[in-house]
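Structure below is data39.txt: compact mmCIF, C-alpha atoms and all ligand atoms.
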```txt
# COMPACT_ATOMS: atom_id res chain seq x y z
CA MET A 103 -6.51 60.41 26.11
CA THR A 104 -8.32 57.35 24.78
CA ILE A 105 -12.07 56.91 24.82
CA LYS A 106 -13.22 53.37 25.41
CA VAL A 107 -16.76 52.12 25.07
CA GLN A 108 -17.28 48.54 26.21
CA ARG A 109 -20.39 46.40 25.81
CA LEU A 110 -22.55 49.51 26.02
CA SER A 111 -26.31 48.98 25.89
CA LYS A 112 -29.21 51.37 26.45
CA ARG A 113 -32.85 50.38 26.97
CA PHE A 114 -35.79 52.74 27.17
CA SER A 115 -38.39 50.58 29.04
CA SER A 116 -38.48 47.43 26.92
CA PHE A 117 -37.01 49.08 23.79
CA GLU A 118 -33.34 48.39 23.24
CA ALA A 119 -31.94 51.52 21.53
CA LEU A 120 -28.30 50.37 21.72
CA ARG A 121 -26.94 46.87 22.03
CA HIS A 122 -23.41 45.79 22.95
CA ILE A 123 -21.50 48.71 21.45
CA ASP A 124 -17.69 48.33 21.56
CA PHE A 125 -15.08 50.75 20.20
CA SER A 126 -12.18 52.90 21.24
CA ILE A 127 -10.97 56.25 19.94
CA GLU A 128 -7.44 57.61 20.04
CA LYS A 129 -6.55 61.20 20.91
CA GLY A 130 -7.02 63.56 17.96
CA GLU A 131 -9.12 61.19 15.85
CA PHE A 132 -12.11 62.45 13.87
CA ILE A 133 -14.78 59.77 14.12
CA ALA A 134 -18.10 59.92 12.28
CA ILE A 135 -21.07 57.96 13.62
CA LEU A 136 -23.12 57.20 10.52
CA GLY A 137 -26.49 55.52 10.28
CA PRO A 138 -30.13 55.97 9.29
CA SER A 139 -32.71 57.79 11.38
CA GLY A 140 -33.51 55.98 14.64
CA CYS A 141 -30.44 53.71 14.65
CA GLY A 142 -29.21 55.10 17.99
CA LYS A 143 -26.59 57.72 16.99
CA THR A 144 -27.89 60.49 19.27
CA THR A 145 -28.43 58.03 22.12
CA LEU A 146 -24.77 57.02 21.86
CA LEU A 147 -23.67 60.66 21.85
CA ARG A 148 -25.87 61.46 24.85
CA LEU A 149 -24.38 58.53 26.76
CA LEU A 150 -20.88 59.82 25.97
CA ALA A 151 -21.88 63.32 27.07
CA GLY A 152 -23.41 62.09 30.34
CA PHE A 153 -27.04 63.06 29.63
CA LEU A 154 -28.02 59.37 29.82
CA SER A 155 -26.85 56.41 31.91
CA PRO A 156 -25.98 53.04 30.34
CA THR A 157 -28.22 50.06 31.01
CA GLU A 158 -25.18 47.85 30.56
CA GLY A 159 -21.48 48.38 29.83
CA THR A 160 -18.97 51.14 30.52
CA ILE A 161 -17.61 54.40 29.07
CA THR A 162 -14.06 55.42 29.92
CA ILE A 163 -12.53 58.79 29.02
CA GLY A 164 -8.77 58.85 29.61
CA ASP A 165 -8.25 56.78 32.76
CA GLN A 166 -11.61 57.70 34.29
CA GLU A 167 -14.68 55.49 34.03
CA VAL A 168 -17.35 58.15 33.45
CA GLY A 169 -20.38 55.96 32.85
CA ASN A 170 -21.69 52.58 33.99
CA PRO A 171 -25.14 51.35 35.05
CA THR A 172 -24.63 52.45 38.66
CA LYS A 173 -22.69 55.70 38.29
CA THR A 174 -22.81 58.42 35.63
CA LEU A 175 -20.62 61.49 35.74
CA PRO A 176 -22.82 64.49 34.72
CA PRO A 177 -21.92 66.46 31.54
CA GLU A 178 -20.48 69.47 33.43
CA LYS A 179 -17.96 67.16 35.12
CA ARG A 180 -16.73 65.77 31.79
CA ASN A 181 -14.12 67.59 29.77
CA ILE A 182 -16.27 67.79 26.64
CA GLY A 183 -17.66 70.36 24.21
CA MET A 184 -20.93 69.93 22.32
CA VAL A 185 -22.33 71.30 19.07
CA PHE A 186 -25.97 70.69 18.24
CA GLN A 187 -28.01 70.68 15.05
CA SER A 188 -30.12 73.57 16.37
CA PHE A 189 -27.05 75.80 17.15
CA ALA A 190 -28.56 76.42 20.66
CA LEU A 191 -27.19 79.97 20.92
CA TRP A 192 -28.22 82.27 23.76
CA PRO A 193 -30.33 85.11 22.31
CA HIS A 194 -29.18 87.69 24.91
CA LEU A 195 -25.40 87.15 24.40
CA ASN A 196 -23.32 88.54 21.56
CA VAL A 197 -20.68 86.55 19.67
CA ALA A 198 -17.77 87.42 21.99
CA GLU A 199 -19.87 86.68 25.08
CA HIS A 200 -20.72 83.24 23.72
CA ILE A 201 -17.00 82.48 23.66
CA ARG A 202 -16.22 84.14 26.99
CA PHE A 203 -18.93 82.21 28.85
CA PRO A 204 -17.33 78.72 28.68
CA LEU A 205 -13.91 80.25 29.41
CA GLN A 206 -15.33 81.54 32.68
CA HIS A 207 -17.52 78.56 33.58
CA HIS A 208 -16.09 75.37 32.05
CA ARG A 209 -14.47 73.57 34.94
CA PHE A 210 -11.57 72.16 32.91
CA VAL A 211 -10.23 75.44 31.52
CA SER A 212 -6.46 75.44 32.00
CA GLU A 213 -4.72 78.04 34.17
CA GLU A 214 -2.92 79.30 31.07
CA ILE A 215 -6.20 80.01 29.24
CA LYS A 216 -7.72 81.58 32.37
CA GLN A 217 -4.76 83.98 32.64
CA ASN A 218 -4.97 84.86 28.93
CA GLN A 219 -8.72 84.90 28.37
CA LYS A 220 -8.64 87.79 25.90
CA LYS A 221 -5.96 86.11 23.78
CA ARG A 222 -7.92 82.83 23.71
CA MET A 223 -11.07 84.71 22.65
CA GLY A 224 -9.11 86.39 19.85
CA ASP A 225 -7.55 83.09 18.74
CA VAL A 226 -10.91 81.31 18.63
CA LEU A 227 -12.63 84.16 16.78
CA LYS A 228 -9.81 83.97 14.25
CA ILE A 229 -10.16 80.19 13.80
CA VAL A 230 -13.86 80.53 13.00
CA GLU A 231 -13.32 83.76 11.05
CA LEU A 232 -15.69 85.87 13.12
CA GLU A 233 -13.24 88.56 14.29
CA SER A 234 -15.30 91.38 12.86
CA PHE A 235 -18.57 89.99 14.24
CA ARG A 236 -17.69 89.99 17.94
CA THR A 237 -20.45 92.43 18.98
CA ARG A 238 -23.22 90.95 16.81
CA MET A 239 -26.23 89.29 18.46
CA PRO A 240 -27.41 85.83 17.25
CA SER A 241 -30.45 87.43 15.56
CA GLU A 242 -28.04 89.46 13.40
CA LEU A 243 -26.16 86.41 12.07
CA SER A 244 -26.69 84.09 9.10
CA GLY A 245 -27.14 80.33 9.59
CA GLY A 246 -23.50 79.58 8.79
CA GLN A 247 -22.26 82.34 11.12
CA LYS A 248 -24.49 81.00 13.93
CA GLN A 249 -23.04 77.55 13.45
CA ARG A 250 -19.52 79.01 13.61
CA VAL A 251 -20.39 80.70 16.92
CA ALA A 252 -21.62 77.34 18.24
CA LEU A 253 -18.33 75.75 17.11
CA ALA A 254 -16.28 78.56 18.68
CA ARG A 255 -18.13 78.22 21.98
CA ALA A 256 -17.48 74.47 22.01
CA ILE A 257 -13.75 74.63 21.21
CA ALA A 258 -12.87 77.72 23.33
CA PRO A 259 -12.08 75.84 26.58
CA LYS A 260 -10.04 73.24 24.63
CA PRO A 261 -12.14 70.22 25.65
CA GLU A 262 -10.65 66.72 25.41
CA LEU A 263 -13.59 65.58 23.35
CA LEU A 264 -15.86 67.43 20.95
CA LEU A 265 -19.30 65.89 20.37
CA MET A 266 -21.21 67.10 17.32
CA ASP A 267 -24.79 66.03 16.58
CA GLU A 268 -25.68 66.65 12.91
CA PRO A 269 -24.17 70.14 13.16
CA LEU A 270 -24.71 70.98 9.48
CA SER A 271 -28.17 69.59 8.83
CA ASN A 272 -29.92 72.94 9.33
CA LEU A 273 -27.81 74.63 6.66
CA ASP A 274 -28.46 74.77 2.93
CA ALA A 275 -26.48 72.52 0.57
CA GLU A 276 -23.85 75.09 -0.44
CA LEU A 277 -23.19 76.25 3.10
CA ARG A 278 -22.95 72.63 4.26
CA MET A 279 -20.09 72.04 1.83
CA GLU A 280 -18.34 75.21 3.01
CA MET A 281 -18.76 74.33 6.69
CA ARG A 282 -17.45 70.81 6.04
CA SER A 283 -14.05 72.20 5.12
CA GLU A 284 -14.21 74.67 8.02
CA ILE A 285 -14.78 71.84 10.49
CA GLN A 286 -11.92 69.90 8.88
CA SER A 287 -9.56 72.83 9.24
CA LEU A 288 -10.80 73.41 12.79
CA HIS A 289 -9.87 69.78 13.50
CA ARG A 290 -6.40 70.31 12.03
CA LEU A 291 -5.86 73.53 13.98
CA THR A 292 -7.11 72.27 17.35
CA ASN A 293 -6.23 68.57 17.05
CA ALA A 294 -9.39 67.90 19.09
CA THR A 295 -10.84 64.42 19.32
CA ILE A 296 -14.15 64.66 17.48
CA LEU A 297 -17.20 62.41 17.47
CA TYR A 298 -19.47 63.58 14.70
CA VAL A 299 -23.00 62.20 14.26
CA THR A 300 -24.48 62.26 10.77
CA HIS A 301 -26.89 60.35 8.58
CA ASP A 302 -25.21 61.77 5.47
CA GLN A 303 -22.75 59.23 4.08
CA SER A 304 -20.91 61.76 1.89
CA GLU A 305 -20.29 63.96 4.94
CA ALA A 306 -18.83 61.01 6.87
CA LEU A 307 -16.70 59.84 3.94
CA ALA A 308 -15.36 63.33 3.29
CA MET A 309 -14.44 64.31 6.82
CA ALA A 310 -13.74 61.40 9.14
CA ASP A 311 -10.55 59.47 9.91
CA ARG A 312 -12.76 56.50 10.77
CA ILE A 313 -16.47 55.83 10.45
CA ILE A 314 -18.66 53.85 12.83
CA VAL A 315 -21.60 52.58 10.74
CA MET A 316 -24.65 51.82 12.88
CA ASN A 317 -27.92 50.07 12.18
CA ASN A 318 -30.71 49.08 14.57
CA GLY A 319 -28.74 49.99 17.68
CA GLN A 320 -25.69 47.96 16.71
CA ILE A 321 -22.36 48.61 15.02
CA GLU A 322 -22.13 47.15 11.51
CA GLN A 323 -18.53 48.19 10.73
CA ILE A 324 -15.79 50.48 12.04
CA ASP A 325 -13.17 51.42 9.47
CA THR A 326 -11.54 54.16 7.43
CA PRO A 327 -13.74 55.82 4.79
CA THR A 328 -11.92 54.02 1.95
CA GLU A 329 -12.29 50.59 3.58
CA ILE A 330 -15.97 51.21 4.34
CA TYR A 331 -16.62 52.30 0.76
CA HIS A 332 -14.49 49.75 -1.09
CA HIS A 333 -14.73 46.81 1.31
CA PRO A 334 -18.10 46.80 3.05
CA ARG A 335 -18.42 43.84 5.39
CA THR A 336 -22.19 43.66 5.63
CA PRO A 337 -25.03 44.03 3.12
CA PHE A 338 -26.27 47.03 5.11
CA VAL A 339 -22.94 48.90 4.85
CA ALA A 340 -22.68 48.08 1.13
CA LYS A 341 -26.14 49.51 0.48
CA PHE A 342 -26.14 52.44 2.91
CA VAL A 343 -22.67 53.81 2.24
CA GLY A 344 -21.78 52.69 -1.30
CA LYS A 345 -25.39 52.53 -2.56
CA ALA A 346 -24.32 49.10 -3.81
CA ASN A 347 -26.54 46.71 -5.71
CA LEU A 348 -26.55 43.24 -4.14
CA MET A 349 -26.64 40.14 -6.32
CA LYS A 350 -27.52 36.92 -4.47
CA GLY A 351 -25.75 33.76 -5.53
CA LYS A 352 -23.05 31.24 -4.80
CA TRP A 353 -19.33 31.70 -4.34
CA THR A 354 -17.04 28.91 -5.38
CA LYS A 355 -13.38 29.71 -4.85
CA ASP A 356 -13.04 33.20 -6.37
CA CYS A 357 -15.99 32.99 -8.76
CA PHE A 358 -19.54 34.10 -8.21
CA THR A 359 -22.61 32.67 -9.91
CA PRO A 360 -25.92 34.51 -9.51
CA ASP A 361 -28.70 32.19 -8.33
CA LEU A 362 -30.93 33.13 -11.24
CA ILE A 363 -28.34 33.03 -14.08
CA PRO A 364 -26.11 29.96 -13.69
CA SER A 365 -24.32 30.71 -16.99
CA ILE A 366 -22.65 33.79 -15.50
CA GLN A 367 -19.42 33.78 -13.55
CA TRP A 368 -18.20 37.03 -12.06
CA PRO A 369 -14.66 37.23 -10.66
CA ASP A 370 -13.69 38.39 -7.19
CA ILE A 371 -13.07 42.15 -7.37
CA GLY A 372 -12.00 42.34 -3.72
CA ILE A 373 -15.28 41.32 -2.10
CA GLU A 374 -15.00 40.91 1.70
CA PRO A 375 -15.03 37.30 2.99
CA ASP A 376 -18.08 38.04 5.20
CA MET A 377 -20.09 39.07 2.14
CA LYS A 378 -18.97 35.97 0.28
CA GLN A 379 -20.06 33.80 3.16
CA LEU A 380 -23.51 35.39 3.00
CA GLY A 381 -23.64 34.68 -0.75
CA TYR A 382 -23.61 38.29 -1.94
CA TYR A 383 -21.88 40.14 -4.75
CA PRO A 384 -22.08 43.87 -3.95
CA ILE A 385 -21.50 46.18 -6.87
CA ARG A 386 -21.76 49.96 -6.83
CA PRO A 387 -23.71 51.97 -9.45
CA GLU A 388 -20.52 53.42 -10.98
CA GLN A 389 -18.90 49.97 -11.37
CA LEU A 390 -21.42 48.85 -13.99
CA ILE A 391 -22.02 49.69 -17.64
CA LEU A 392 -25.19 49.42 -19.66
CA THR A 393 -25.22 48.23 -23.27
CA LYS A 394 -27.94 47.91 -25.88
CA GLU A 395 -26.59 44.63 -27.26
CA GLN A 396 -25.46 41.58 -25.34
CA SER A 397 -21.72 41.92 -25.93
CA SER A 398 -20.70 38.84 -23.94
CA ASN A 399 -22.35 35.91 -22.22
CA GLN A 400 -21.44 37.57 -18.91
CA ALA A 401 -23.93 40.42 -19.51
CA VAL A 402 -27.14 40.40 -17.44
CA PRO A 403 -30.44 41.39 -19.07
CA ALA A 404 -32.26 44.34 -17.49
CA VAL A 405 -35.04 46.84 -18.19
CA ILE A 406 -34.76 50.61 -17.65
CA THR A 407 -37.38 51.69 -15.08
CA SER A 408 -36.35 55.27 -14.34
CA ILE A 409 -33.96 57.88 -15.70
CA GLN A 410 -32.46 60.89 -13.95
CA PHE A 411 -30.28 63.46 -15.68
CA GLN A 412 -27.68 64.68 -13.14
CA GLY A 413 -25.71 67.21 -15.20
CA LYS A 414 -22.44 65.36 -15.73
CA GLU A 415 -23.86 61.83 -15.48
CA MET A 416 -27.04 59.80 -15.85
CA HIS A 417 -28.64 57.77 -13.06
CA TYR A 418 -30.71 54.82 -14.21
CA ASN A 419 -32.87 52.44 -12.21
CA VAL A 420 -33.12 49.06 -13.87
CA GLN A 421 -35.09 45.91 -13.16
CA VAL A 422 -32.62 42.99 -12.82
CA LEU A 423 -33.79 39.52 -11.94
CA GLY A 424 -36.83 40.92 -10.16
CA GLU A 425 -34.82 43.52 -8.23
CA GLU A 426 -34.37 47.25 -8.66
CA TRP A 427 -30.73 48.26 -9.26
CA GLN A 428 -29.08 51.63 -9.65
CA ILE A 429 -26.50 52.39 -12.34
CA GLN A 430 -24.54 55.57 -13.09
CA THR A 431 -23.25 56.18 -16.59
CA GLY A 432 -21.78 58.99 -18.65
CA LEU A 433 -24.01 61.18 -20.82
CA GLY A 434 -23.29 59.53 -24.18
CA ASP A 435 -25.80 57.28 -25.94
CA PRO A 436 -28.73 57.53 -23.51
CA PHE A 437 -31.28 54.79 -22.91
CA ASP A 438 -35.07 55.04 -22.95
CA LEU A 439 -37.60 54.22 -20.32
CA GLY A 440 -38.72 50.58 -20.68
CA GLU A 441 -35.77 49.72 -22.96
CA GLN A 442 -34.33 46.20 -22.76
CA VAL A 443 -30.61 46.56 -21.93
CA PHE A 444 -27.68 44.52 -20.63
CA LEU A 445 -25.40 45.28 -17.74
CA GLU A 446 -21.83 44.29 -17.17
CA ILE A 447 -19.04 45.01 -14.75
CA LYS A 448 -16.72 47.71 -16.13
CA GLN A 449 -13.47 46.41 -17.58
CA GLU A 450 -11.38 48.79 -15.45
CA VAL A 451 -13.06 47.47 -12.30
CA LEU A 452 -12.14 43.92 -13.31
CA LEU A 453 -8.59 44.94 -14.21
CA SER A 454 -8.00 46.93 -11.02
CA SER A 455 -9.24 44.11 -8.80
CA THR A 456 -6.56 42.39 -6.79
CA PRO A 457 -6.69 38.63 -6.54
CA THR A 458 -7.33 37.66 -2.94
CA HIS A 459 -5.46 34.38 -3.15
CA MET A 460 -1.91 35.21 -4.16
CA HIS A 461 0.76 32.69 -3.41
CA TYR A 462 4.28 33.95 -3.06
CA VAL A 463 7.20 31.55 -3.38
CA TYR A 464 10.41 32.67 -1.69
N1 LIG A 501 -36.05 58.96 25.81
C1 LIG A 501 -36.44 57.99 24.97
N2 LIG A 501 -37.47 57.17 25.29
C2 LIG A 501 -37.86 56.17 24.47
N3 LIG A 501 -37.28 55.91 23.27
C3 LIG A 501 -36.27 56.70 22.91
C4 LIG A 501 -35.80 57.78 23.71
N4 LIG A 501 -34.76 58.37 23.07
C5 LIG A 501 -34.61 57.71 21.91
N5 LIG A 501 -35.49 56.70 21.79
C6 LIG A 501 -35.61 55.75 20.70
O1 LIG A 501 -34.33 55.15 20.50
C7 LIG A 501 -34.08 54.98 19.10
C8 LIG A 501 -32.79 55.67 18.74
O2 LIG A 501 -32.97 57.06 18.82
P1 LIG A 501 -31.82 58.11 18.45
O3 LIG A 501 -32.35 59.49 18.69
O4 LIG A 501 -30.59 57.71 19.15
O5 LIG A 501 -31.67 57.83 16.89
P2 LIG A 501 -30.79 58.59 15.80
O6 LIG A 501 -30.01 57.56 15.10
O7 LIG A 501 -30.06 59.71 16.44
O8 LIG A 501 -31.92 59.15 14.84
P3 LIG A 501 -32.03 60.56 14.04
O9 LIG A 501 -30.99 60.51 12.95
O10 LIG A 501 -33.43 60.53 13.50
O11 LIG A 501 -31.80 61.66 15.04
C9 LIG A 501 -35.29 55.54 18.37
O12 LIG A 501 -36.14 54.45 18.01
C10 LIG A 501 -35.95 56.44 19.39
O13 LIG A 501 -37.35 56.51 19.19
```
How does this structure look as structure tokens?
Amino acid sequence: MTIKVQRLSKRFSSFEALRHIDFSIEKGEFIAILGPSGCGKTTLLRLLAGFLSPTEGTITIGDQEVGNPTKTLPPEKRNIGMVFQSFALWPHLNVAEHIRFPLQHHRFVSEEIKQNQKKRMGDVLKIVELESFRTRMPSELSGGQKQRVALARAIAPKPELLLMDEPLSNLDAELRMEMRSEIQSLHRLTNATILYVTHDQSEALAMADRIIVMNNGQIEQIDTPTEIYHHPRTPFVAKFVGKANLMKGKWTKDCFTPDLIPSIQWPDIGIEPDMKQLGYYPIRPEQLILTKEQSSNQAVPAVITSIQFQGKEMHYNVQVLGEEWQIQTGLGDPFDLGEQVFLEIKQEVLLSSTPTHMHYVY
């Protein structure tokens, strides 16, 4: 079952919340939709669920077109499961009843599951590790247990597609990490196709097979987590996902010269062609080092503007050519606020970079 979204747009009166969205998802993929608040993530999920109709474009699930501007299949007629940020549990049903309900009412439950309802309930309770909580009411559960009930309820009827809208954002930091691995193992065990909305880049990087990065109602990049992180194709993706610093300048062949320091030439460390065309050199905080002395003529002068101790590393903000940059370093030899320093690209980053123009002679 493939999910295809083609030229999908959504307007609320004159406001265009989504514009010309195109992507397709293969069966069993775990896709994260990542973007800042207000970029249209929930709107996209609600269109896929059938709570909203497209203004333009189509949504196809399997071989059925489920949404277009003239016809929208309602959520109960789509073979989907949903998990919300708010858990949305029913206060009058216990844990087991939350799982039984979709088995009795979801219209796509297979004959096999219908015949073996008790076994399915047992299997699902086992997957989410709530076997000994089956008679507990929602008010008697912790936040993480509530979220597991919401997950169990969504996966019980074995939907084709599982839509999750920031399912972990109401949990504390430690529980979020724990639930991340639970959702990953749930994905492995069920092989469900998952669309997972989040504004947390580390969550998307850690869990997804592919990430759809959105900004202002449009897709900036769709790729694997490693590609998104190491090879951002737009300044937005570089900044939002990799927290990259962006130097503006000119590319000539495989060398970059910052506009404000013509004496410097930085080599290509695998920068995407689109970024080169825009005249940017994106560099992440952990790819730079700070020094007290100018050790080479390739070092850029900077001033320390803020310091944060993070336990196993230091985070510095520095003023570089009128811009604020972020740099992560080890704990040794700390710098002071207001200190004049120099920054350079780490040697190992330069050495590990692959030349983009290799010529093979056969
Ligand atoms: N029913 C509506 N009527 C008018 N505008 C809406 C409606 N629903 C959403 N919007 C607007 O569409 C834009 C996208 O909203 P959406 O909820 O999809 O964003 P989001 O990326 O999910 O944000 P968040 O991470 O804060 O939940 C926002 O500017 C929002 O105000």
Query raised in the report: Counting only C-alpha atoms and all ligand atoms, which of A:Tyr418, A:Phe235, A:Tyr298, A:Phe411 gets nearest to ligand LIG 501 (chain A)?
Result: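 Using only C-alpha atoms and all ligand atoms, ligand LIG 501 (chain A) sits closest to A:Tyr298.
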Requested in this report: Choose the residue, out of A:Gln249, A:Gln412, A:Asn196, A:Gln442, that has the smallest atom-to-atom separation from Arg282 (chain A); count only C-alpha atoms.
Outcome: A:Gln249
Requested in this report: Place a sphere of radius 9 Å on (-11.0, 75.0, 17.6) in the file coordinates and name every protein, DNA or RNA residue with an atom inside or on its surface, counting only C-alpha atoms; give the answer as a list in words.
Outcome: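 With a cut-off of 9 Å, the residues come to Asp225, Val226, Ile229, Val230, Leu253, Ala254, Arg255, Ala256, Ile257, Ala258, Lys260, Ile285, Ser287, Leu288, His289, Arg290, Leu291, Thr292, Asn293 and Ala294 of chain A.
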With C-alpha atoms retained, write the just-selected residues as a PDB file, in the frame of the given file.
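Contents of the output file again.pdb:
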```
ATOM      1  CA  ASP A 225      -7.550  83.090  18.740  1.00  0.00           C
ATOM      2  CA  VAL A 226     -10.910  81.310  18.630  1.00  0.00           C
ATOM      3  CA  ILE A 229     -10.160  80.190  13.800  1.00  0.00           C
ATOM      4  CA  VAL A 230     -13.860  80.530  13.000  1.00  0.00           C
ATOM      5  CA  LEU A 253     -18.330  75.750  17.110  1.00  0.00           C
ATOM      6  CA  ALA A 254     -16.280  78.560  18.680  1.00  0.00           C
ATOM      7  CA  ARG A 255     -18.130  78.220  21.980  1.00  0.00           C
ATOM      8  CA  ALA A 256     -17.480  74.470  22.010  1.00  0.00           C
ATOM      9  CA  ILE A 257     -13.750  74.630  21.210  1.00  0.00           C
ATOM     10  CA  ALA A 258     -12.870  77.720  23.330  1.00  0.00           C
ATOM     11  CA  LYS A 260     -10.040  73.240  24.630  1.00  0.00           C
ATOM     12  CA  ILE A 285     -14.780  71.840  10.490  1.00  0.00           C
ATOM     13  CA  SER A 287      -9.560  72.830   9.240  1.00  0.00           C
ATOM     14  CA  LEU A 288     -10.800  73.410  12.790  1.00  0.00           C
ATOM     15  CA  HIS A 289      -9.870  69.780  13.500  1.00  0.00           C
ATOM     16  CA  ARG A 290      -6.400  70.310  12.030  1.00  0.00           C
ATOM     17  CA  LEU A 291      -5.860  73.530  13.980  1.00  0.00           C
ATOM     18  CA  THR A 292      -7.110  72.270  17.350  1.00  0.00           C
ATOM     19  CA  ASN A 293      -6.230  68.570  17.050  1.00  0.00           C
ATOM     20  CA  ALA A 294      -9.390  67.900  19.090  1.00  0.00           C
TER      21      ALA A 294
END
```
Padding 6 Å on each side, edges along x, y and z: where is the centre of the box around the listed atoms of region 259-268 of chain A, and how long are its edges in Å to one decimal? Output it as JSON.
```
{"center_x": -17.9, "center_y": 70.7, "center_z": 19.7, "size_x": 27.6, "size_y": 22.3, "size_z": 25.7}
```
Query - Expected answer as number ranges by chain: residues within 10 Å of ligand LIG 501 (chain A), all atoms listed in the file - result: A: 112-120, 135-149, 154, 187, 267-268, 299-302, 316-319
Output of the above residues as a PDB file, in the frame of the given file, restricted to C-alpha atoms:
```pdb
ATOM      1  CA  LYS A 112     -29.210  51.370  26.450  1.00  0.00           C
ATOM      2  CA  ARG A 113     -32.850  50.380  26.970  1.00  0.00           C
ATOM      3  CA  PHE A 114     -35.790  52.740  27.170  1.00  0.00           C
ATOM      4  CA  SER A 115     -38.390  50.580  29.040  1.00  0.00           C
ATOM      5  CA  SER A 116     -38.480  47.430  26.920  1.00  0.00           C
ATOM      6  CA  PHE A 117     -37.010  49.080  23.790  1.00  0.00           C
ATOM      7  CA  GLU A 118     -33.340  48.390  23.240  1.00  0.00           C
ATOM      8  CA  ALA A 119     -31.940  51.520  21.530  1.00  0.00           C
ATOM      9  CA  LEU A 120     -28.300  50.370  21.720  1.00  0.00           C
ATOM     10  CA  ILE A 135     -21.070  57.960  13.620  1.00  0.00           C
ATOM     11  CA  LEU A 136     -23.120  57.200  10.520  1.00  0.00           C
ATOM     12  CA  GLY A 137     -26.490  55.520  10.280  1.00  0.00           C
ATOM     13  CA  PRO A 138     -30.130  55.970   9.290  1.00  0.00           C
ATOM     14  CA  SER A 139     -32.710  57.790  11.380  1.00  0.00           C
ATOM     15  CA  GLY A 140     -33.510  55.980  14.640  1.00  0.00           C
ATOM     16  CA  CYS A 141     -30.440  53.710  14.650  1.00  0.00           C
ATOM     17  CA  GLY A 142     -29.210  55.100  17.990  1.00  0.00           C
ATOM     18  CA  LYS A 143     -26.590  57.720  16.990  1.00  0.00           C
ATOM     19  CA  THR A 144     -27.890  60.490  19.270  1.00  0.00           C
ATOM     20  CA  THR A 145     -28.430  58.030  22.120  1.00  0.00           C
ATOM     21  CA  LEU A 146     -24.770  57.020  21.860  1.00  0.00           C
ATOM     22  CA  LEU A 147     -23.670  60.660  21.850  1.00  0.00           C
ATOM     23  CA  ARG A 148     -25.870  61.460  24.850  1.00  0.00           C
ATOM     24  CA  LEU A 149     -24.380  58.530  26.760  1.00  0.00           C
ATOM     25  CA  LEU A 154     -28.020  59.370  29.820  1.00  0.00           C
ATOM     26  CA  GLN A 187     -28.010  70.680  15.050  1.00  0.00           C
ATOM     27  CA  ASP A 267     -24.790  66.030  16.580  1.00  0.00           C
ATOM     28  CA  GLU A 268     -25.680  66.650  12.910  1.00  0.00           C
ATOM     29  CA  VAL A 299     -23.000  62.200  14.260  1.00  0.00           C
ATOM     30  CA  THR A 300     -24.480  62.260  10.770  1.00  0.00           C
ATOM     31  CA  HIS A 301     -26.890  60.350   8.580  1.00  0.00           C
ATOM     32  CA  ASP A 302     -25.210  61.770   5.470  1.00  0.00           C
ATOM     33  CA  MET A 316     -24.650  51.820  12.880  1.00  0.00           C
ATOM     34  CA  ASN A 317     -27.920  50.070  12.180  1.00  0.00           C
ATOM     35  CA  ASN A 318     -30.710  49.080  14.570  1.00  0.00           C
ATOM     36  CA  GLY A 319     -28.740  49.990  17.680  1.00  0.00           C
TER      37      GLY A 319
END
```
Report task. Would you work out the distance separating CA of Gly381 (chain A) from CA of Leu423 (chain A), expressed in Å to one decimal? Result ->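 So the two atoms, CA of Gly381 (chain A) and CA of Leu423 (chain A), lie 15.9 Å apart.
Proximity to Glu388 (chain A) was assessed for A:Gly440, A:Gly413, A:Pro156, A:Gly344 counting all atoms listed in the file; the smallest distance is recorded for A:Gly344.
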**Report entry** Interatomic distance (Å, one decimal) between CA of Val315 (chain A) and CA of Ile296 (chain A)
**Finding:**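 CA of Val315 (chain A) sits 15.7 Å away from CA of Ile296 (chain A).
You will find CA of Gln430 (chain A) at 17.0 Å from CA of Met349 (chain A).
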Requested in this report: List the residues sitting within 10 Å of (-16.1, 75.1, 32.8) in the file's frame, using all atoms listed in the file, as number ranges by chain.
Outcome: A: 178-183, 203-212, 259, 261
Report task. Kindly indicate which residue among A:Glu242, A:Glu305, A:Asp361, A:Asp325 lies nearest to Ala275 (chain A), using all atoms listed in the file for the distances. Result ->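 Among the listed residues, A:Glu305 lies closest to Ala275 (chain A).
Using all atoms listed in the file, the smallest distance between any of A:Thr104, A:Glu231, A:Val251, A:Leu348 and His200 (chain A) comes from A:Val251.
Residue nearest Pro337 (chain A) within the list A:Glu276, A:Glu167, A:Glu158, A:Glu322: A:Glu322 [criterion: smallest interatomic distance, all atoms listed in the file].
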Starting from the sparse input, extend region 148-152 of chain A to N, CA and C atoms and give the output as a JSON list (two decimals), keeping the file's coordinate frame.
```
[["chain", "number", "residue", "atom", "x", "y", "z"],
["A", 148, "ARG", "N", -25.36, 61.00, 23.55],
["A", 148, "ARG", "CA", -25.87, 61.46, 24.85],
["A", 148, "ARG", "C", -25.31, 60.65, 26.01],
["A", 149, "LEU", "N", -25.04, 59.37, 25.73],
["A", 149, "LEU", "CA", -24.38, 58.53, 26.76],
["A", 149, "LEU", "C", -22.94, 59.01, 26.97],
["A", 150, "LEU", "N", -22.26, 59.35, 25.85],
["A", 150, "LEU", "CA", -20.88, 59.82, 25.97],
["A", 150, "LEU", "C", -20.82, 61.18, 26.68],
["A", 151, "ALA", "N", -21.86, 62.00, 26.46],
["A", 151, "ALA", "CA", -21.88, 63.32, 27.07],
["A", 151, "ALA", "C", -22.27, 63.26, 28.55],
["A", 152, "GLY", "N", -22.98, 62.21, 28.94],
["A", 152, "GLY", "CA", -23.41, 62.09, 30.34],
["A", 152, "GLY", "C", -24.85, 62.53, 30.56]]
```
